[in-house]
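Chemist: Okay, so here is structure13.cif, and as you'll see once you scroll down, it has mmCIF, C-alpha atoms and all ligand atoms.
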data_upload
#
loop_
_atom_site.group_PDB
_atom_site.id
_atom_site.type_symbol
_atom_site.label_atom_id
_atom_site.label_comp_id
_atom_site.auth_asym_id
_atom_site.auth_seq_id
_atom_site.Cartn_x
_atom_site.Cartn_y
_atom_site.Cartn_z
ATOM 1 C CA MET A 29 0.000 0.000 0.000
ATOM 2 C CA PRO A 30 1.455 3.448 -0.889
ATOM 3 C CA PRO A 31 2.051 5.689 2.166
ATOM 4 C CA GLU A 32 -0.753 8.029 1.156
ATOM 5 C CA ALA A 33 -3.249 5.154 1.097
ATOM 6 C CA ALA A 34 -2.175 4.150 4.623
ATOM 7 C CA ASP A 35 -2.793 7.711 5.899
ATOM 8 C CA ILE A 36 -6.180 7.794 4.230
ATOM 9 C CA THR A 37 -7.065 4.413 5.708
ATOM 10 C CA ASP A 38 -6.167 5.663 9.215
ATOM 11 C CA ARG A 39 -8.103 8.901 8.891
ATOM 12 C CA LEU A 40 -11.073 7.084 7.388
ATOM 13 C CA ALA A 41 -11.146 4.653 10.311
ATOM 14 C CA ARG A 42 -11.221 7.570 12.765
ATOM 15 C CA LEU A 43 -13.881 9.354 10.740
ATOM 16 C CA THR A 44 -16.018 6.213 10.567
ATOM 17 C CA SER A 45 -15.938 5.781 14.315
ATOM 18 C CA ARG A 46 -16.925 9.434 14.808
ATOM 19 C CA ILE A 47 -19.807 8.975 12.342
ATOM 20 C CA ASN A 48 -20.928 5.835 14.166
ATOM 21 C CA GLU A 49 -20.724 7.595 17.521
ATOM 22 C CA ALA A 50 -22.756 10.565 16.246
ATOM 23 C CA CYS A 51 -25.384 8.140 14.899
ATOM 24 C CA ARG A 52 -25.504 6.256 18.180
ATOM 25 C CA LYS A 53 -25.956 9.510 20.096
ATOM 26 C CA ALA A 54 -28.762 10.553 17.747
ATOM 27 C CA GLY A 55 -30.444 7.135 17.914
ATOM 28 C CA ARG A 56 -29.920 6.644 14.187
ATOM 29 C CA ASP A 57 -28.559 3.659 12.295
ATOM 30 C CA SER A 58 -25.250 4.451 10.607
ATOM 31 C CA SER A 59 -26.576 2.909 7.380
ATOM 32 C CA GLN A 60 -28.779 6.035 7.149
ATOM 33 C CA VAL A 61 -25.772 8.306 6.648
ATOM 34 C CA SER A 62 -23.691 8.094 3.496
ATOM 35 C CA LEU A 63 -20.292 9.616 3.014
ATOM 36 C CA VAL A 64 -19.170 11.669 0.023
ATOM 37 C CA ALA A 65 -15.375 11.985 0.000
ATOM 38 C CA VAL A 66 -14.629 15.481 -1.294
ATOM 39 C CA THR A 67 -11.660 15.443 -3.676
ATOM 40 C CA LYS A 68 -11.614 18.971 -5.116
ATOM 41 C CA THR A 69 -8.022 20.096 -5.842
ATOM 42 C CA LEU A 70 -6.737 16.562 -5.124
ATOM 43 C CA SER A 71 -5.056 14.388 -7.745
ATOM 44 C CA ALA A 72 -6.347 11.297 -9.495
ATOM 45 C CA ASP A 73 -3.700 9.341 -7.555
ATOM 46 C CA THR A 74 -5.221 10.514 -4.301
ATOM 47 C CA VAL A 75 -8.647 9.405 -5.497
ATOM 48 C CA ARG A 76 -7.153 6.002 -6.339
ATOM 49 C CA ALA A 77 -5.660 5.816 -2.855
ATOM 50 C CA GLY A 78 -9.131 6.638 -1.521
ATOM 51 C CA LEU A 79 -10.657 3.854 -3.591
ATOM 52 C CA SER A 80 -8.176 1.367 -2.196
ATOM 53 C CA ALA A 81 -8.995 2.575 1.319
ATOM 54 C CA GLY A 82 -12.609 1.627 0.644
ATOM 55 C CA LEU A 83 -14.162 4.942 -0.390
ATOM 56 C CA THR A 84 -16.733 4.665 -3.161
ATOM 57 C CA VAL A 85 -18.402 8.069 -3.598
ATOM 58 C CA PHE A 86 -16.436 11.204 -4.477
ATOM 59 C CA GLY A 87 -17.502 14.844 -4.540
ATOM 60 C CA GLU A 88 -16.147 17.440 -6.958
ATOM 61 C CA ASN A 89 -16.717 21.195 -7.216
ATOM 62 C CA TYR A 90 -15.440 22.120 -10.676
ATOM 63 C CA ILE A 91 -16.570 20.559 -13.950
ATOM 64 C CA GLN A 92 -13.285 20.724 -15.854
ATOM 65 C CA GLU A 93 -11.217 19.413 -12.977
ATOM 66 C CA ALA A 94 -13.703 16.618 -12.377
ATOM 67 C CA GLN A 95 -13.891 15.653 -16.022
ATOM 68 C CA ALA A 96 -10.126 15.174 -16.253
ATOM 69 C CA LYS A 97 -10.056 13.115 -13.058
ATOM 70 C CA ILE A 98 -13.065 10.986 -13.898
ATOM 71 C CA ASN A 99 -11.676 10.171 -17.351
ATOM 72 C CA GLU A 100 -8.304 9.320 -15.897
ATOM 73 C CA ILE A 101 -9.658 7.097 -13.159
ATOM 74 C CA ASN A 102 -12.196 5.219 -15.225
ATOM 75 C CA SER A 103 -13.343 2.906 -12.432
ATOM 76 C CA SER A 104 -16.563 2.064 -10.683
ATOM 77 C CA ALA A 105 -16.291 5.176 -8.500
ATOM 78 C CA VAL A 106 -19.510 7.161 -8.044
ATOM 79 C CA TRP A 107 -19.215 10.925 -8.554
ATOM 80 C CA HIS A 108 -21.331 13.693 -7.050
ATOM 81 C CA PHE A 109 -21.225 17.327 -8.110
ATOM 82 C CA ILE A 110 -21.226 19.614 -5.052
ATOM 83 C CA GLY A 111 -19.994 22.979 -6.409
ATOM 84 C CA HIS A 112 -21.789 25.875 -8.004
ATOM 85 C CA LEU A 113 -23.025 24.756 -11.419
ATOM 86 C CA GLN A 114 -23.196 27.225 -14.294
ATOM 87 C CA THR A 115 -26.060 26.621 -16.711
ATOM 88 C CA ASN A 116 -23.658 26.316 -19.647
ATOM 89 C CA LYS A 117 -21.958 23.357 -17.920
ATOM 90 C CA ALA A 118 -25.187 21.440 -17.327
ATOM 91 C CA LYS A 119 -24.623 19.100 -20.259
ATOM 92 C CA PHE A 120 -21.280 17.966 -18.834
ATOM 93 C CA ALA A 121 -22.720 17.579 -15.359
ATOM 94 C CA VAL A 122 -25.456 15.265 -16.638
ATOM 95 C CA ARG A 123 -22.869 13.082 -18.358
ATOM 96 C CA LEU A 124 -20.383 12.904 -15.507
ATOM 97 C CA PHE A 125 -22.310 12.779 -12.242
ATOM 98 C CA ASP A 126 -24.683 10.465 -10.416
ATOM 99 C CA LEU A 127 -26.070 13.171 -8.137
ATOM 100 C CA ILE A 128 -25.982 16.951 -8.442
ATOM 101 C CA HIS A 129 -26.223 18.561 -5.001
ATOM 102 C CA SER A 130 -26.365 22.164 -6.128
ATOM 103 C CA VAL A 131 -29.462 23.025 -8.159
ATOM 104 C CA ASP A 132 -30.254 26.582 -7.141
ATOM 105 C CA SER A 133 -32.254 28.223 -9.931
ATOM 106 C CA ILE A 134 -35.120 27.472 -12.263
ATOM 107 C CA LYS A 135 -32.884 28.260 -15.213
ATOM 108 C CA LEU A 136 -30.367 25.611 -14.190
ATOM 109 C CA ALA A 137 -33.130 23.095 -13.449
ATOM 110 C CA ARG A 138 -34.672 23.654 -16.876
ATOM 111 C CA GLU A 139 -31.333 23.148 -18.627
ATOM 112 C CA LEU A 140 -30.511 20.000 -16.625
ATOM 113 C CA ASN A 141 -33.952 18.608 -17.432
ATOM 114 C CA LYS A 142 -33.409 19.264 -21.131
ATOM 115 C CA ARG A 143 -29.942 17.714 -21.117
ATOM 116 C CA ALA A 144 -31.130 14.699 -19.138
ATOM 117 C CA GLU A 145 -33.932 14.200 -21.638
ATOM 118 C CA SER A 146 -31.543 14.203 -24.589
ATOM 119 C CA ALA A 147 -29.222 11.840 -22.712
ATOM 120 C CA GLY A 148 -32.238 9.555 -22.252
ATOM 121 C CA ARG A 149 -31.963 9.424 -18.478
ATOM 122 C CA GLY A 150 -33.316 10.924 -15.299
ATOM 123 C CA ILE A 151 -30.735 12.828 -13.283
ATOM 124 C CA PRO A 152 -30.898 12.711 -9.476
ATOM 125 C CA ILE A 153 -30.581 16.175 -7.953
ATOM 126 C CA LEU A 154 -30.785 18.077 -4.683
ATOM 127 C CA VAL A 155 -31.879 21.687 -4.317
ATOM 128 C CA GLN A 156 -29.248 23.836 -2.618
ATOM 129 C CA ILE A 157 -30.642 26.254 -0.057
ATOM 130 C CA ASN A 158 -28.786 29.267 1.291
ATOM 131 C CA ILE A 159 -30.305 28.919 4.733
ATOM 132 C CA SER A 160 -28.054 31.512 6.359
ATOM 133 C CA GLY A 161 -28.599 34.135 3.659
ATOM 134 C CA GLU A 162 -24.859 34.881 3.522
ATOM 135 C CA GLU A 163 -24.079 36.739 0.328
ATOM 136 C CA SER A 164 -20.990 34.669 -0.392
ATOM 137 C CA LYS A 165 -22.983 31.421 -0.453
ATOM 138 C CA SER A 166 -24.696 29.769 -3.400
ATOM 139 C CA GLY A 167 -28.174 28.376 -3.074
ATOM 140 C CA VAL A 168 -31.697 29.671 -3.398
ATOM 141 C CA SER A 169 -32.731 31.981 -0.566
ATOM 142 C CA LYS A 170 -34.877 30.561 2.181
ATOM 143 C CA ASP A 171 -37.768 32.803 1.106
ATOM 144 C CA GLN A 172 -37.771 31.461 -2.429
ATOM 145 C CA ALA A 173 -36.908 27.888 -1.568
ATOM 146 C CA GLU A 174 -40.376 26.381 -1.453
ATOM 147 C CA GLU A 175 -41.398 27.911 -4.748
ATOM 148 C CA LEU A 176 -38.242 26.641 -6.472
ATOM 149 C CA ILE A 177 -38.571 23.146 -4.987
ATOM 150 C CA HIS A 178 -42.164 22.858 -6.204
ATOM 151 C CA GLU A 179 -41.151 24.018 -9.678
ATOM 152 C CA VAL A 180 -38.201 21.635 -9.805
ATOM 153 C CA LEU A 181 -40.432 18.730 -8.761
ATOM 154 C CA GLU A 182 -42.423 19.234 -11.982
ATOM 155 C CA PHE A 183 -39.509 18.472 -14.300
ATOM 156 C CA PRO A 184 -39.933 14.889 -15.533
ATOM 157 C CA HIS A 185 -36.221 14.191 -16.091
ATOM 158 C CA LEU A 186 -35.044 15.491 -12.722
ATOM 159 C CA LYS A 187 -35.250 13.054 -9.843
ATOM 160 C CA THR A 188 -35.456 15.493 -6.982
ATOM 161 C CA ARG A 189 -34.203 13.620 -3.929
ATOM 162 C CA GLY A 190 -33.763 16.279 -1.287
ATOM 163 C CA LEU A 191 -31.981 19.395 -0.093
ATOM 164 C CA MET A 192 -28.420 20.541 0.459
ATOM 165 C CA THR A 193 -26.895 23.394 2.418
ATOM 166 C CA VAL A 194 -23.554 24.838 3.508
ATOM 167 C CA PRO A 195 -23.959 26.768 6.776
ATOM 168 C CA PRO A 196 -21.590 29.561 7.834
ATOM 169 C CA PHE A 197 -18.278 28.401 9.270
ATOM 170 C CA PHE A 198 -18.105 28.500 13.066
ATOM 171 C CA GLU A 199 -15.246 27.530 15.358
ATOM 172 C CA SER A 200 -17.864 25.881 17.488
ATOM 173 C CA PRO A 201 -19.894 23.468 15.323
ATOM 174 C CA ASP A 202 -22.883 23.618 17.623
ATOM 175 C CA LEU A 203 -23.544 27.107 16.255
ATOM 176 C CA ALA A 204 -24.329 25.528 12.876
ATOM 177 C CA ARG A 205 -27.143 23.483 14.398
ATOM 178 C CA PRO A 206 -29.997 25.972 13.717
ATOM 179 C CA TYR A 207 -29.144 25.945 9.989
ATOM 180 C CA PHE A 208 -29.185 22.145 9.799
ATOM 181 C CA LYS A 209 -32.412 22.066 11.750
ATOM 182 C CA ALA A 210 -33.997 24.621 9.399
ATOM 183 C CA LEU A 211 -33.039 22.487 6.380
ATOM 184 C CA ARG A 212 -34.574 19.402 7.982
ATOM 185 C CA GLU A 213 -37.769 21.298 8.814
ATOM 186 C CA LEU A 214 -38.046 22.531 5.238
ATOM 187 C CA LYS A 215 -37.644 18.987 3.944
ATOM 188 C CA GLU A 216 -40.255 17.705 6.386
ATOM 189 C CA LYS A 217 -42.680 20.456 5.425
ATOM 190 C CA ILE A 218 -42.556 19.446 1.770
ATOM 191 C CA GLY A 219 -42.316 15.703 2.399
ATOM 192 C CA PRO A 220 -41.766 12.968 -0.220
ATOM 193 C CA PRO A 221 -40.183 12.647 -2.667
ATOM 194 C CA LEU A 222 -37.680 14.730 -0.692
ATOM 195 C CA ILE A 223 -35.693 12.160 1.286
ATOM 196 C CA ASP A 224 -32.084 13.290 1.450
ATOM 197 C CA LEU A 225 -30.402 16.006 3.466
ATOM 198 C CA SER A 226 -26.864 16.731 2.259
ATOM 199 C CA MET A 227 -25.302 18.649 5.130
ATOM 200 C CA GLY A 228 -22.207 18.464 7.301
ATOM 201 C CA MET A 229 -18.500 18.784 6.445
ATOM 202 C CA THR A 230 -15.283 18.123 8.384
ATOM 203 C CA GLY A 231 -15.980 20.841 10.943
ATOM 204 C CA ASP A 232 -19.614 20.107 11.670
ATOM 205 C CA PHE A 233 -20.721 16.666 10.427
ATOM 206 C CA GLU A 234 -21.533 15.340 13.890
ATOM 207 C CA VAL A 235 -24.049 18.105 14.534
ATOM 208 C CA ALA A 236 -25.444 17.605 11.015
ATOM 209 C CA ILE A 237 -25.952 13.891 11.715
ATOM 210 C CA GLU A 238 -27.746 14.734 14.947
ATOM 211 C CA GLU A 239 -30.045 17.005 12.936
ATOM 212 C CA GLY A 240 -30.842 14.358 10.331
ATOM 213 C CA ALA A 241 -28.171 14.482 7.606
ATOM 214 C CA THR A 242 -28.396 11.507 5.232
ATOM 215 C CA ILE A 243 -25.361 12.551 3.188
ATOM 216 C CA ILE A 244 -22.252 14.189 4.638
ATOM 217 C CA ARG A 245 -19.554 15.722 2.429
ATOM 218 C CA VAL A 246 -16.117 15.370 3.978
ATOM 219 C CA GLY A 247 -12.714 16.257 2.548
ATOM 220 C CA THR A 248 -10.168 17.400 5.132
ATOM 221 C CA ALA A 249 -10.918 14.708 7.732
ATOM 222 C CA ILE A 250 -10.119 12.044 5.123
ATOM 223 C CA PHE A 251 -7.354 13.536 2.997
ATOM 224 C CA GLY A 252 -5.774 16.086 5.333
ATOM 225 C CA PRO A 253 -5.686 19.845 4.699
ATOM 226 C CA ARG A 254 -5.914 20.921 1.052
ATOM 227 C CA ALA A 255 -2.849 22.784 -0.249
HETATM 228 C C1 LIG B 1 -14.929 21.541 0.096
HETATM 229 C C2 LIG B 1 -16.337 21.194 0.381
HETATM 230 C C3 LIG B 1 -16.669 20.218 1.340
HETATM 231 C C4 LIG B 1 -15.649 19.483 2.200
HETATM 232 O O1 LIG B 1 -15.051 20.363 3.093
HETATM 233 P P1 LIG B 1 -14.080 19.827 4.276
HETATM 234 O O2 LIG B 1 -14.138 20.930 5.267
HETATM 235 O O3 LIG B 1 -12.738 19.641 3.670
HETATM 236 O O4 LIG B 1 -14.656 18.567 4.777
HETATM 237 C C5 LIG B 1 -18.015 19.908 1.502
HETATM 238 N N1 LIG B 1 -18.976 20.517 0.797
HETATM 239 C C6 LIG B 1 -18.700 21.470 -0.119
HETATM 240 C C7 LIG B 1 -19.822 22.106 -0.864
HETATM 241 C C8 LIG B 1 -17.380 21.846 -0.349
HETATM 242 O O5 LIG B 1 -17.119 22.795 -1.250
#
Mind turning the file's structure into structure tokens?
Ligand SMILES: *Cc1c(COP(=O)(O)O)cnc(C)c1O
Modeler:
Amino acid sequence: MPPEAADITDRLARLTSRINEACRKAGRDSSQVSLVAVTKTLSADTVRAGLSAGLTVFGENYIQEAQAKINEINSSAVWHFIGHLQTNKAKFAVRLFDLIHSVDSIKLARELNKRAESAGRGIPILVQINISGEESKSGVSKDQAEELIHEVLEFPHLKTRGLMTVPPFFESPDLARPYFKALRELKEKIGPPLIDLSMGMTGDFEVAIEEGATIIRVGTAIFGPRA
């Protein structure tokens, strides 16, 4: 095993026990929480090391970077798109990814639906909500969220599975709790077919799990700090 793979294996073991502990504390089964290993800025070799450590689902933020990596790796890895998606990149996103976490406008939804139709498939998506209202964050505003979700649910080639958010960064992860809770409440208000809550990163995944996350997106805790 290359040294990098050994480091990843160690960090992943620690992460897994923290995930299990957070699930236990929340009275949830750990099979209800899936892990997306975030590999933005990391090399294809690092992704391969992740695969050999047992990771299966990878998250990428930039289409061009992801495309190069995905082509190079050419394995059974599952890829999720978690970054801000420009409408003119929708056709690539539909080809490359199994789940798009970041649908945040009707324009983007319409284009993804069209591209999914021509690709002859349904594309699973999440709607990204800017729960905190921070200007620097992508996502539809909380005020407009319900309207957008209902519109997105009408598109026949989008399989709308749930919601995603990135809360503000806090030194103390407990301060992110109200944002996770608000995302869960929004999902519960709308109900099925919304199932998934993509929330929680290295700094706050335990709180996110306690508040109902079904997908956590973790980079640093698995791969170490990004350069
Ligand atoms: C980078 C990124 C992550 C992972 O962040 P870490 O703090 O390294 O775990 C998760 N979600 C999104 C949207 C990101 O851009």
Chemist: What would the list of residues within 10 Å of (-11.0, 12.3, -13.5) (file frame) look like as a list in words, if all atoms listed in the file are what count?
Modeler: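 Returned residue set, sorted by chain then number, is Ser71, Ala72, Asp73, Val75, Glu88, Ile91, Gln92, Glu93, Ala94, Gln95, Ala96, Lys97, Ile98, Asn99, Glu100, Ile101, Asn102, Ser103, Trp107 and Leu124 of chain A.
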Chemist: Find the residues of chain A that sit at most 9 Å from ligand LIG 1 (chain B); for each, write down the nearest two atoms and how far apart they are in Å, to one decimal. Count only C-alpha atoms and all ligand atoms. Sort by chain, then by number going up, and give it as CSV.
Modeler:
residue,atom,partner,partner_atom,distance
A:Val64,CA,B:LIG1,C5,8.5
A:Ala65,CA,B:LIG1,C4,7.8
A:Val66,CA,B:LIG1,C4,5.4
A:Thr67,CA,B:LIG1,C1,7.9
A:Lys68,CA,B:LIG1,C1,6.7
A:Gly87,CA,B:LIG1,C5,7.9
A:Glu88,CA,B:LIG1,O5,7.9
A:Asn89,CA,B:LIG1,O5,6.2
A:Phe109,CA,B:LIG1,C7,8.8
A:Ile110,CA,B:LIG1,C7,5.1
A:Gly111,CA,B:LIG1,C7,5.6
A:His112,CA,B:LIG1,C7,8.3
A:His129,CA,B:LIG1,C7,8.4
A:Ser130,CA,B:LIG1,C7,8.4
A:Met192,CA,B:LIG1,C7,8.8
A:Thr193,CA,B:LIG1,C7,7.9
A:Val194,CA,B:LIG1,C7,6.4
A:Ser226,CA,B:LIG1,N1,8.9
A:Met227,CA,B:LIG1,N1,7.9
A:Gly228,CA,B:LIG1,C5,7.3
A:Met229,CA,B:LIG1,O4,4.2
A:Thr230,CA,B:LIG1,O4,3.7
A:Gly231,CA,B:LIG1,O2,6.0
A:Asp232,CA,B:LIG1,O2,8.5
A:Phe233,CA,B:LIG1,O4,8.5
A:Ile244,CA,B:LIG1,C5,7.8
A:Arg245,CA,B:LIG1,C5,4.6
A:Val246,CA,B:LIG1,O4,3.6
A:Gly247,CA,B:LIG1,O3,3.6
A:Thr248,CA,B:LIG1,O3,3.7
A:Ala249,CA,B:LIG1,O4,6.1
A:Ile250,CA,B:LIG1,O4,8.0
A:Phe251,CA,B:LIG1,O3,8.2
A:Gly252,CA,B:LIG1,O3,8.0
A:Pro253,CA,B:LIG1,O3,7.1
A:Arg254,CA,B:LIG1,O3,7.4
Chemist: Set the distance at 12 Å and use only C-alpha atoms: which residues neighbour Glu239 in chain A once local chain neighbours fewer than 2 positions away are removed? I'd like the list as number ranges by chain.
Modeler: A: 50-51, 53-56, 61, 202, 204-213, 215, 225-228, 232-237, 241-244
Chemist: Write to file, as an mmCIF file, keeping the file's coordinate frame, the residues of the selection just made, with C-alpha atoms.
Modeler:
data_model
loop_
_atom_site.group_PDB
_atom_site.id
_atom_site.type_symbol
_atom_site.label_atom_id
_atom_site.label_comp_id
_atom_site.auth_asym_id
_atom_site.auth_seq_id
_atom_site.Cartn_x
_atom_site.Cartn_y
_atom_site.Cartn_z
ATOM 1 C CA ALA A 50 -22.756 10.565 16.246
ATOM 2 C CA CYS A 51 -25.384 8.140 14.899
ATOM 3 C CA LYS A 53 -25.956 9.510 20.096
ATOM 4 C CA ALA A 54 -28.762 10.553 17.747
ATOM 5 C CA GLY A 55 -30.444 7.135 17.914
ATOM 6 C CA ARG A 56 -29.920 6.644 14.187
ATOM 7 C CA VAL A 61 -25.772 8.306 6.648
ATOM 8 C CA ASP A 202 -22.883 23.618 17.623
ATOM 9 C CA ALA A 204 -24.329 25.528 12.876
ATOM 10 C CA ARG A 205 -27.143 23.483 14.398
ATOM 11 C CA PRO A 206 -29.997 25.972 13.717
ATOM 12 C CA TYR A 207 -29.144 25.945 9.989
ATOM 13 C CA PHE A 208 -29.185 22.145 9.799
ATOM 14 C CA LYS A 209 -32.412 22.066 11.750
ATOM 15 C CA ALA A 210 -33.997 24.621 9.399
ATOM 16 C CA LEU A 211 -33.039 22.487 6.380
ATOM 17 C CA ARG A 212 -34.574 19.402 7.982
ATOM 18 C CA GLU A 213 -37.769 21.298 8.814
ATOM 19 C CA LYS A 215 -37.644 18.987 3.944
ATOM 20 C CA LEU A 225 -30.402 16.006 3.466
ATOM 21 C CA SER A 226 -26.864 16.731 2.259
ATOM 22 C CA MET A 227 -25.302 18.649 5.130
ATOM 23 C CA GLY A 228 -22.207 18.464 7.301
ATOM 24 C CA ASP A 232 -19.614 20.107 11.670
ATOM 25 C CA PHE A 233 -20.721 16.666 10.427
ATOM 26 C CA GLU A 234 -21.533 15.340 13.890
ATOM 27 C CA VAL A 235 -24.049 18.105 14.534
ATOM 28 C CA ALA A 236 -25.444 17.605 11.015
ATOM 29 C CA ILE A 237 -25.952 13.891 11.715
ATOM 30 C CA ALA A 241 -28.171 14.482 7.606
ATOM 31 C CA THR A 242 -28.396 11.507 5.232
ATOM 32 C CA ILE A 243 -25.361 12.551 3.188
ATOM 33 C CA ILE A 244 -22.252 14.189 4.638
#
Chemist: To one decimal place in Å, what is the distance between CA of Leu222 in chain A and CA of Gly190 in chain A?
Modeler: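 A separation of 4.3 Å between them.
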Chemist: With 3 Å on each side, where is the centre of the axis-aligned box around all listed atoms of range 52-65 of chain A, and how long are its edges in Å to one decimal, as AutoDock Vina command-line options?
Modeler:
--center_x -22.9 --center_y 7.4 --center_z 10.0 --size_x 21.1 --size_y 15.1 --size_z 26.1
Chemist: Please compute the CA of Leu136 in chain A-CA of Ala118 in chain A distance, one decimal, in Å.
Modeler: 7.4 Å
Chemist: Could you check which of A:Arg189, A:Lys217, A:Arg76, A:His178 is closest to Ser104 in chain A, using all atoms listed in the file?
Modeler: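 Closest residue, counting all atoms listed in the file: A:Arg76.
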Chemist: Hey, can you check how far CA of Leu154 in chain A sits from CA of Arg46 in chain A?
Modeler: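 Atom-to-atom, CA of Leu154 in chain A and CA of Arg46 in chain A are spaced 25.4 Å apart.
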Chemist: Step by step, work through what the PyMOL selection byres (((chain A and resi 163-172) around 9) and not hetatm) selects in the shown file, and finish by giving those residues as a PDB file with C-alpha atoms, keeping the file's coordinate frame.
Modeler:
ATOM      1  CA  GLY A 111     -19.994  22.979  -6.409  1.00  0.00           C
ATOM      2  CA  HIS A 112     -21.789  25.875  -8.004  1.00  0.00           C
ATOM      3  CA  SER A 130     -26.365  22.164  -6.128  1.00  0.00           C
ATOM      4  CA  VAL A 131     -29.462  23.025  -8.159  1.00  0.00           C
ATOM      5  CA  ASP A 132     -30.254  26.582  -7.141  1.00  0.00           C
ATOM      6  CA  SER A 133     -32.254  28.223  -9.931  1.00  0.00           C
ATOM      7  CA  VAL A 155     -31.879  21.687  -4.317  1.00  0.00           C
ATOM      8  CA  GLN A 156     -29.248  23.836  -2.618  1.00  0.00           C
ATOM      9  CA  ILE A 157     -30.642  26.254  -0.057  1.00  0.00           C
ATOM     10  CA  ASN A 158     -28.786  29.267   1.291  1.00  0.00           C
ATOM     11  CA  ILE A 159     -30.305  28.919   4.733  1.00  0.00           C
ATOM     12  CA  SER A 160     -28.054  31.512   6.359  1.00  0.00           C
ATOM     13  CA  GLY A 161     -28.599  34.135   3.659  1.00  0.00           C
ATOM     14  CA  GLU A 162     -24.859  34.881   3.522  1.00  0.00           C
ATOM     15  CA  ALA A 173     -36.908  27.888  -1.568  1.00  0.00           C
ATOM     16  CA  GLU A 174     -40.376  26.381  -1.453  1.00  0.00           C
ATOM     17  CA  GLU A 175     -41.398  27.911  -4.748  1.00  0.00           C
ATOM     18  CA  LEU A 176     -38.242  26.641  -6.472  1.00  0.00           C
ATOM     19  CA  ILE A 177     -38.571  23.146  -4.987  1.00  0.00           C
ATOM     20  CA  MET A 192     -28.420  20.541   0.459  1.00  0.00           C
ATOM     21  CA  THR A 193     -26.895  23.394   2.418  1.00  0.00           C
ATOM     22  CA  VAL A 194     -23.554  24.838   3.508  1.00  0.00           C
ATOM     23  CA  PRO A 195     -23.959  26.768   6.776  1.00  0.00           C
ATOM     24  CA  PRO A 196     -21.590  29.561   7.834  1.00  0.00           C
TER      25      PRO A 196
END
Chemist: Kindly indicate which residue among A:Ala34, A:Arg123, A:Leu43, A:Glu49 lies nearest to Leu79 in chain A, using all atoms listed in the file for the distances.
Modeler: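 The shortest atom-to-atom distance to Leu79 in chain A comes from A:Ala34.
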Chemist: I want to know what sits within 8 Å of Val180 in chain A, based on all atoms listed in the file, with residues of the same chain fewer than 6 positions away left out; could you give that as a PyMOL selection string?
Modeler: chain A and resi 134+137+186+188
Chemist: Give me the residues of range 121-160 of chain A that have any atom at most 9 Å from an atom of range 114-117 of chain A; for each, the nearest atom pair and the distance in Å, rounded to one decimal. Use all atoms listed in the file, sort by chain and number, and format it as a tab-separated table.
Modeler:
residue	atom	partner	partner_atom	distance
A:Ala121	CA	A:Lys117	CA	6.4
A:Val122	CA	A:Lys117	CA	8.9
A:Lys135	CA	A:Thr115	CA	7.2
A:Leu136	CA	A:Thr115	CA	5.1
A:Ala137	CA	A:Thr115	CA	8.5
A:Glu139	CA	A:Thr115	CA	6.6
A:Leu140	CA	A:Thr115	CA	8.0
Chemist: Mind checking which residues fall within 9 Å of Thr37 in chain A, counting all atoms listed in the file, ignoring those fewer than 5 positions away in the same chain, and posting them as a list of chain:residue names?
Modeler: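 Once the adjacent positions are removed, what remains is A:Glu32, A:Arg42, A:Ala77, A:Gly78, A:Ser80, A:Ala81, A:Gly82, A:Ile250.
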